[in-house]
>>> print(open('upload_13.txt').read())   # compact mmCIF, C-alpha atoms
# COMPACT_ATOMS: atom_id res chain seq x y z
CA MET A 113 58.28 -30.83 16.15
CA ILE A 114 57.14 -34.29 17.20
CA ILE A 115 53.93 -34.18 19.24
CA LYS A 116 53.38 -37.45 21.11
CA VAL A 117 50.25 -38.06 23.15
CA CYS A 118 50.79 -40.99 25.47
CA GLY A 119 48.60 -43.19 27.65
CA MET A 120 45.79 -43.65 25.11
CA ARG A 121 43.58 -46.64 25.89
CA ASP A 122 40.15 -45.96 24.35
CA PRO A 123 39.74 -46.56 20.58
CA GLY A 124 37.08 -43.86 20.26
CA ASN A 125 39.31 -41.34 22.03
CA MET A 126 42.19 -42.44 19.78
CA ALA A 127 40.08 -41.75 16.70
CA GLU A 128 39.30 -38.26 18.04
CA LEU A 129 43.00 -37.66 18.62
CA SER A 130 43.83 -38.59 15.04
CA ARG A 131 42.05 -35.49 13.73
CA LEU A 132 44.53 -33.21 15.51
CA SER A 133 47.05 -32.85 12.70
CA PRO A 134 49.95 -31.57 14.84
CA VAL A 135 49.91 -34.87 16.76
CA THR A 136 52.28 -37.33 15.09
CA TRP A 137 52.79 -40.16 17.60
CA MET A 138 50.32 -41.96 19.85
CA GLY A 139 51.61 -43.78 22.93
CA MET A 140 50.04 -47.05 24.09
CA ILE A 141 51.19 -48.31 27.49
CA PHE A 142 51.78 -52.04 27.97
CA HIS A 143 53.11 -51.85 31.52
CA PRO A 144 50.65 -53.83 33.71
CA GLY A 145 51.30 -51.56 36.70
CA SER A 146 50.02 -48.43 34.92
CA ARG A 147 46.49 -47.06 35.30
CA ARG A 148 46.73 -46.25 31.60
CA ALA A 149 47.68 -49.76 30.47
CA ILE A 150 46.04 -51.08 27.32
CA PRO A 151 43.17 -53.47 28.19
CA HIS A 152 43.91 -57.07 27.21
CA SER A 153 40.46 -58.02 26.03
CA ALA A 154 38.83 -59.27 22.83
CA GLU A 155 36.45 -56.28 22.93
CA PHE A 156 39.31 -53.79 22.98
CA ILE A 157 41.10 -55.52 20.10
CA HIS A 158 37.87 -55.53 18.08
CA ARG A 159 37.27 -51.81 18.70
CA LEU A 160 40.88 -50.98 17.88
CA ARG A 161 40.66 -52.82 14.57
CA GLU A 162 37.40 -51.06 13.75
CA SER A 163 39.21 -47.73 14.27
CA ALA A 164 42.28 -48.78 12.30
CA ASP A 165 41.50 -46.71 9.19
CA SER A 166 41.18 -43.49 11.19
CA LEU A 167 44.46 -44.13 13.02
CA THR A 168 46.74 -44.70 10.02
CA ARG A 169 48.16 -41.14 10.23
CA LEU A 170 49.48 -41.66 13.75
CA GLU A 171 52.58 -43.69 14.52
CA ARG A 172 51.90 -46.16 17.33
CA VAL A 173 54.46 -46.11 20.12
CA GLY A 174 54.34 -49.04 22.53
CA VAL A 175 55.57 -48.20 26.04
CA PHE A 176 57.20 -51.02 28.03
CA VAL A 177 58.84 -51.21 31.45
CA ASN A 178 61.47 -53.90 32.07
CA GLN A 179 59.56 -56.52 30.10
CA PRO A 180 61.01 -59.60 28.35
CA ARG A 181 62.21 -59.04 24.80
CA ASP A 182 60.02 -61.81 23.35
CA LEU A 183 56.91 -60.32 24.97
CA VAL A 184 57.76 -56.88 23.61
CA LEU A 185 58.15 -58.24 20.08
CA ARG A 186 54.94 -60.29 20.22
CA THR A 187 53.04 -57.25 21.48
CA ALA A 188 54.54 -55.06 18.77
CA GLU A 189 53.32 -57.44 16.09
CA HIS A 190 49.88 -57.93 17.65
CA TYR A 191 49.18 -54.20 17.98
CA ALA A 192 50.97 -53.13 14.78
CA LEU A 193 53.38 -50.86 16.66
CA ASP A 194 55.70 -48.51 14.79
CA ARG A 195 58.10 -47.69 17.64
CA LEU A 196 59.09 -49.05 21.03
CA GLN A 197 59.57 -46.87 24.12
CA LEU A 198 61.53 -48.37 26.99
CA HIS A 199 60.62 -46.63 30.22
CA GLY A 200 62.36 -48.76 32.83
CA GLU A 201 65.94 -49.67 33.70
CA GLU A 202 66.62 -51.42 30.40
CA SER A 203 70.35 -51.81 29.81
CA PRO A 204 72.27 -50.90 26.64
CA GLU A 205 72.66 -54.67 26.07
CA TYR A 206 68.88 -55.09 26.18
CA CYS A 207 68.45 -52.24 23.70
CA ALA A 208 71.08 -53.79 21.43
CA ARG A 209 69.03 -56.99 21.30
CA LEU A 210 65.99 -55.00 20.17
CA SER A 211 67.91 -52.73 17.83
CA GLY A 212 67.04 -53.43 14.22
CA THR A 213 63.47 -54.50 14.98
CA LEU A 214 61.65 -51.17 15.43
CA PRO A 215 63.00 -47.71 16.25
CA LEU A 216 63.68 -47.40 19.98
CA ILE A 217 62.98 -44.53 22.36
CA LYS A 218 64.82 -44.83 25.68
CA ALA A 219 63.35 -42.87 28.57
CA PHE A 220 65.48 -41.41 31.35
CA ARG A 221 64.16 -40.07 34.66
CA VAL A 222 65.74 -36.70 35.38
CA GLY A 223 66.29 -35.16 38.80
CA SER A 224 68.52 -32.38 40.10
CA ASP A 225 71.49 -34.77 40.45
CA TRP A 226 70.99 -36.36 37.01
CA ASP A 227 74.13 -37.61 35.28
CA ALA A 228 73.76 -37.06 31.53
CA ASP A 229 76.69 -39.38 30.85
CA VAL A 230 74.31 -42.35 31.31
CA CYS A 231 72.97 -41.58 27.83
CA ARG A 232 76.30 -42.23 26.12
CA ASN A 233 75.98 -46.01 26.35
CA TYR A 234 72.69 -45.85 24.42
CA GLU A 235 73.97 -43.72 21.54
CA GLY A 236 73.52 -45.46 18.21
CA LEU A 237 70.93 -47.87 19.64
CA CYS A 238 67.96 -45.49 19.86
CA SER A 239 66.30 -43.14 17.40
CA HIS A 240 65.26 -40.84 20.26
CA PHE A 241 65.64 -40.36 23.99
CA LEU A 242 62.85 -39.15 26.28
CA PHE A 243 63.60 -37.09 29.37
CA ASP A 244 60.94 -37.41 32.07
CA ALA A 245 60.65 -36.18 35.65
CA ASP A 246 61.91 -38.48 38.35
CA GLY A 247 59.20 -39.86 40.63
CA PRO A 248 57.77 -42.93 42.36
CA LEU A 249 56.31 -44.35 39.13
CA PRO A 250 58.13 -45.19 35.87
CA GLY A 251 56.09 -42.43 34.19
CA GLY A 252 52.87 -40.46 34.46
CA ASN A 253 53.82 -38.83 37.77
CA GLY A 254 52.56 -35.44 36.61
CA ARG A 255 55.74 -33.75 37.82
CA VAL A 256 57.73 -31.03 36.07
CA PHE A 257 61.51 -31.05 36.40
CA ASP A 258 63.99 -28.23 36.00
CA TRP A 259 64.66 -28.21 32.26
CA SER A 260 67.91 -26.30 32.76
CA VAL A 261 69.41 -29.61 33.94
CA LEU A 262 69.28 -30.77 30.31
CA LYS A 263 72.13 -28.44 29.38
CA ARG A 264 74.26 -31.31 30.72
CA TYR A 265 73.12 -33.39 27.74
CA THR A 266 75.27 -32.69 24.69
CA GLY A 267 74.79 -35.92 22.74
CA PRO A 268 73.60 -36.24 19.13
CA THR A 269 70.47 -38.32 19.74
CA PRO A 270 67.32 -36.13 19.55
CA PHE A 271 65.02 -36.19 22.54
CA LEU A 272 61.41 -35.65 23.59
CA LEU A 273 60.59 -33.58 26.64
CA ALA A 274 58.10 -35.06 29.12
CA GLY A 275 57.07 -34.64 32.73
CA GLY A 276 54.02 -32.75 33.92
CA LEU A 277 53.37 -30.87 30.67
CA GLY A 278 49.88 -29.37 30.59
CA PRO A 279 47.82 -26.44 29.26
CA HIS A 280 49.95 -24.12 31.40
CA SER A 281 53.17 -25.19 29.64
CA ALA A 282 52.80 -23.53 26.24
CA ALA A 283 54.50 -20.24 27.09
CA ALA A 284 57.46 -21.95 28.78
CA LEU A 285 57.90 -24.35 25.85
CA LYS A 286 57.89 -21.50 23.35
CA ALA A 287 60.61 -19.74 25.36
CA TRP A 288 62.83 -22.82 25.77
CA SER A 289 65.36 -24.34 23.39
CA HIS A 290 67.99 -27.06 23.16
CA PRO A 291 69.92 -28.16 20.07
CA ALA A 292 68.77 -31.78 20.38
CA TRP A 293 65.16 -31.08 21.38
CA ALA A 294 62.84 -32.81 18.88
CA GLY A 295 59.39 -32.88 20.48
CA ILE A 296 57.12 -33.20 23.49
CA ASP A 297 55.29 -36.02 25.23
CA LEU A 298 51.83 -35.15 26.58
CA ASN A 299 49.96 -37.36 29.03
CA SER A 300 48.31 -36.82 32.40
CA GLY A 301 48.02 -33.03 32.10
CA PHE A 302 45.35 -33.42 29.42
CA GLU A 303 43.20 -36.17 30.90
CA LEU A 304 39.56 -36.36 31.87
CA SER A 305 40.38 -39.69 33.53
CA PRO A 306 43.42 -41.99 33.38
CA GLY A 307 43.93 -42.92 29.73
CA PHE A 308 41.12 -40.71 28.37
CA LYS A 309 42.26 -37.38 26.92
CA ASP A 310 40.39 -34.08 26.71
CA ILE A 311 40.63 -33.50 22.95
CA GLY A 312 39.38 -29.91 23.15
CA LEU A 313 42.02 -29.05 25.75
CA LEU A 314 44.71 -30.62 23.58
CA GLU A 315 43.49 -28.74 20.53
CA ASN A 316 43.58 -25.36 22.28
CA PHE A 317 47.04 -26.07 23.70
CA LEU A 318 48.45 -27.04 20.31
CA LYS A 319 47.02 -23.89 18.72
CA GLU A 320 48.71 -21.78 21.39
CA LEU A 321 51.97 -23.69 21.05
>>> encode(input="upload_13.txt", output="C-alpha cells")
Amino acid sequence: MIIKVCGMRDPGNMAELSRLSPVTWMGMIFHPGSRRAIPHSAEFIHRLRESADSLTRLERVGVFVNQPRDLVLRTAEHYALDRLQLHGEESPEYCARLSGTLPLIKAFRVGSDWDADVCRNYEGLCSHFLFDADGPLPGGNGRVFDWSVLKRYTGPTPFLLAGGLGPHSAAALKAWSHPAWAGIDLNSGFELSPGFKDIGLLENFLKEL
C-alpha cells in the first residue's frame, strides 16, 4: 500500500518522517492559498538541501492547484519532484500537456452526488487518481466522505483515498476494500500545526494499520 503524507513544509519534520518506513510518498504543497504551502525563501531551500540525503527514500509529490504548466515544470525541477498532483479543476487537455514529464496524480472532490464518469477522460493520462472529500478548500478540509460512493468508480487507474483520515481511521480502513484502491493520503489529522506532523502519532497509526 502507498502511504502518502502530504502538507510537509519543515525540513526537520520531513527528515523525521523519512524514518517511518511504511511512508513512501511525501507531499509538498505549492498552492499559494494553502496554510501548508512550501515557503519560498532562501533559508527553506538551504535547509531542504541539507536534509536531502535523509529524504532520498521518499518520493516527492508536488501538489498544484490550477497553476500554469510552465510554473509547474520549473517548480518540479527546482525542488527535484518525482510526481505531480493536480488538485484543482485541471482539464484532461491540461493533463495531456504534462503527460510524459512526471507521473501525474489527479485529485477529485467527492460528494454524495459525485459522478464517477468524470474520471474516464483522464484515463491513460495519470498514474493514479486521488479521491478527496468535497469542501470549501481544494484540499485539507479535514472532512471524511462516504466511501461507499466509490463503488461508482470502476476504472482501471489505481487511486489513493484521502479526506479527514486520522488516528481514528485505522479500523475502518482495515475493514474497507476496493479493487482499484492503492493507498492513503494523510494530512491534517496528524498535525501539531498546519504543515507540521506529529511523527509519534503517525508511527502509532501505521503500526495499528
>>> residues_around(input="upload_13.txt", residues="Lys309 (chain A)", least_positions_apart="6", cutoff="9 Å", atoms="all atoms listed in the file", output="PyMOL selection string")
chain A and resi 117+119-120+125-126+129+299-303
>>> write_last_selection(input="upload_13.txt", atoms="C-alpha atoms", output="compact mmCIF listing (two decimals), in the frame of the given file")
# COMPACT_ATOMS: atom_id res chain seq x y z
CA VAL A 117 50.25 -38.06 23.15
CA GLY A 119 48.60 -43.19 27.65
CA MET A 120 45.79 -43.65 25.11
CA ASN A 125 39.31 -41.34 22.03
CA MET A 126 42.19 -42.44 19.78
CA LEU A 129 43.00 -37.66 18.62
CA ASN A 299 49.96 -37.36 29.03
CA SER A 300 48.31 -36.82 32.40
CA GLY A 301 48.02 -33.03 32.10
CA PHE A 302 45.35 -33.42 29.42
CA GLU A 303 43.20 -36.17 30.90
>>> residues_around(input="upload_13.txt", residues="Asp165 (chain A)", least_positions_apart="5", cutoff="12 Å", atoms="only C-alpha atoms", output="list in words")
Pro123, Met126, Ala127, Ser130, Arg159, Leu160 and Leu170 of chain A
>>> closest_residue(input="upload_13.txt", among="A:Leu262, A:Ala245, A:Leu185, A:Ala294", to="Leu277 (chain A)", atoms="all atoms listed in the file")
A:Ala245
>>> atom_distance(input="upload_13.txt", atom1="CA of Arg121 (chain A)", atom2="CA of Pro270 (chain A)")
26.7 Å
>>> closest_residue(input="upload_13.txt", among="A:Gly139, A:Gly223, A:Gly236, A:Pro268", to="Leu298 (chain A)", atoms="all atoms listed in the file")
A:Gly139
>>> residues_around(input="upload_13.txt", residues="Arg172 (chain A)", least_positions_apart="3", cutoff="8 Å", atoms="only C-alpha atoms", output="VMD selection string")
chain A and resid 137 to 140 192 to 195
>>> closest_residue(input="upload_13.txt", among="A:Ala292, A:Val184, A:Ala274, A:Ala164", to="Ala219 (chain A)", atoms="only C-alpha atoms")
A:Ala274
>>> closest_residue(input="upload_13.txt", among="A:Val261, A:Ile115, A:Ile150, A:Val173", to="Leu216 (chain A)", atoms="all atoms listed in the file")
A:Val173
>>> closest_residue(input="upload_13.txt", among="A:Arg186, A:His143, A:Glu235, A:Arg221", to="Glu205 (chain A)", atoms="all atoms listed in the file")
A:Glu235
>>> atom_distance(input="upload_13.txt", atom1="CA of Val230 (chain A)", atom2="CA of Gly200 (chain A)")
13.6 Å
>>> atom_distance(input="upload_13.txt", atom1="CA of Lys263 (chain A)", atom2="CA of Leu318 (chain A)")
25.4 Å
>>> residues_around(input="upload_13.txt", residues="Gly275 (chain A)", least_positions_apart="2", cutoff="7 Å", atoms="all atoms listed in the file", output="ChimeraX atom specification")
/A:244-245,254-257,277
>>> closest_residue(input="upload_13.txt", among="A:Trp226, A:Phe308, A:Phe317, A:Phe243", to="Pro279 (chain A)", atoms="only C-alpha atoms")
A:Phe317
>>> residues_around(input="upload_13.txt", residues="region 284-287 of chain A", least_positions_apart="3", cutoff="9 Å", atoms="all atoms listed in the file", output="list in words")
His280, Ser281 and Leu321 of chain A
>>> residues_near_point(input="upload_13.txt", point="(76.7, -40.0, 26.8)", cutoff="12 Å", atoms="only C-alpha atoms", output="list in words")
Pro204, Asp227, Ala228, Asp229, Val230, Cys231, Arg232, Asn233, Tyr234, Glu235, Gly236, Phe241, Arg264, Tyr265, Thr266, Gly267, Pro268 and Thr269 of chain A
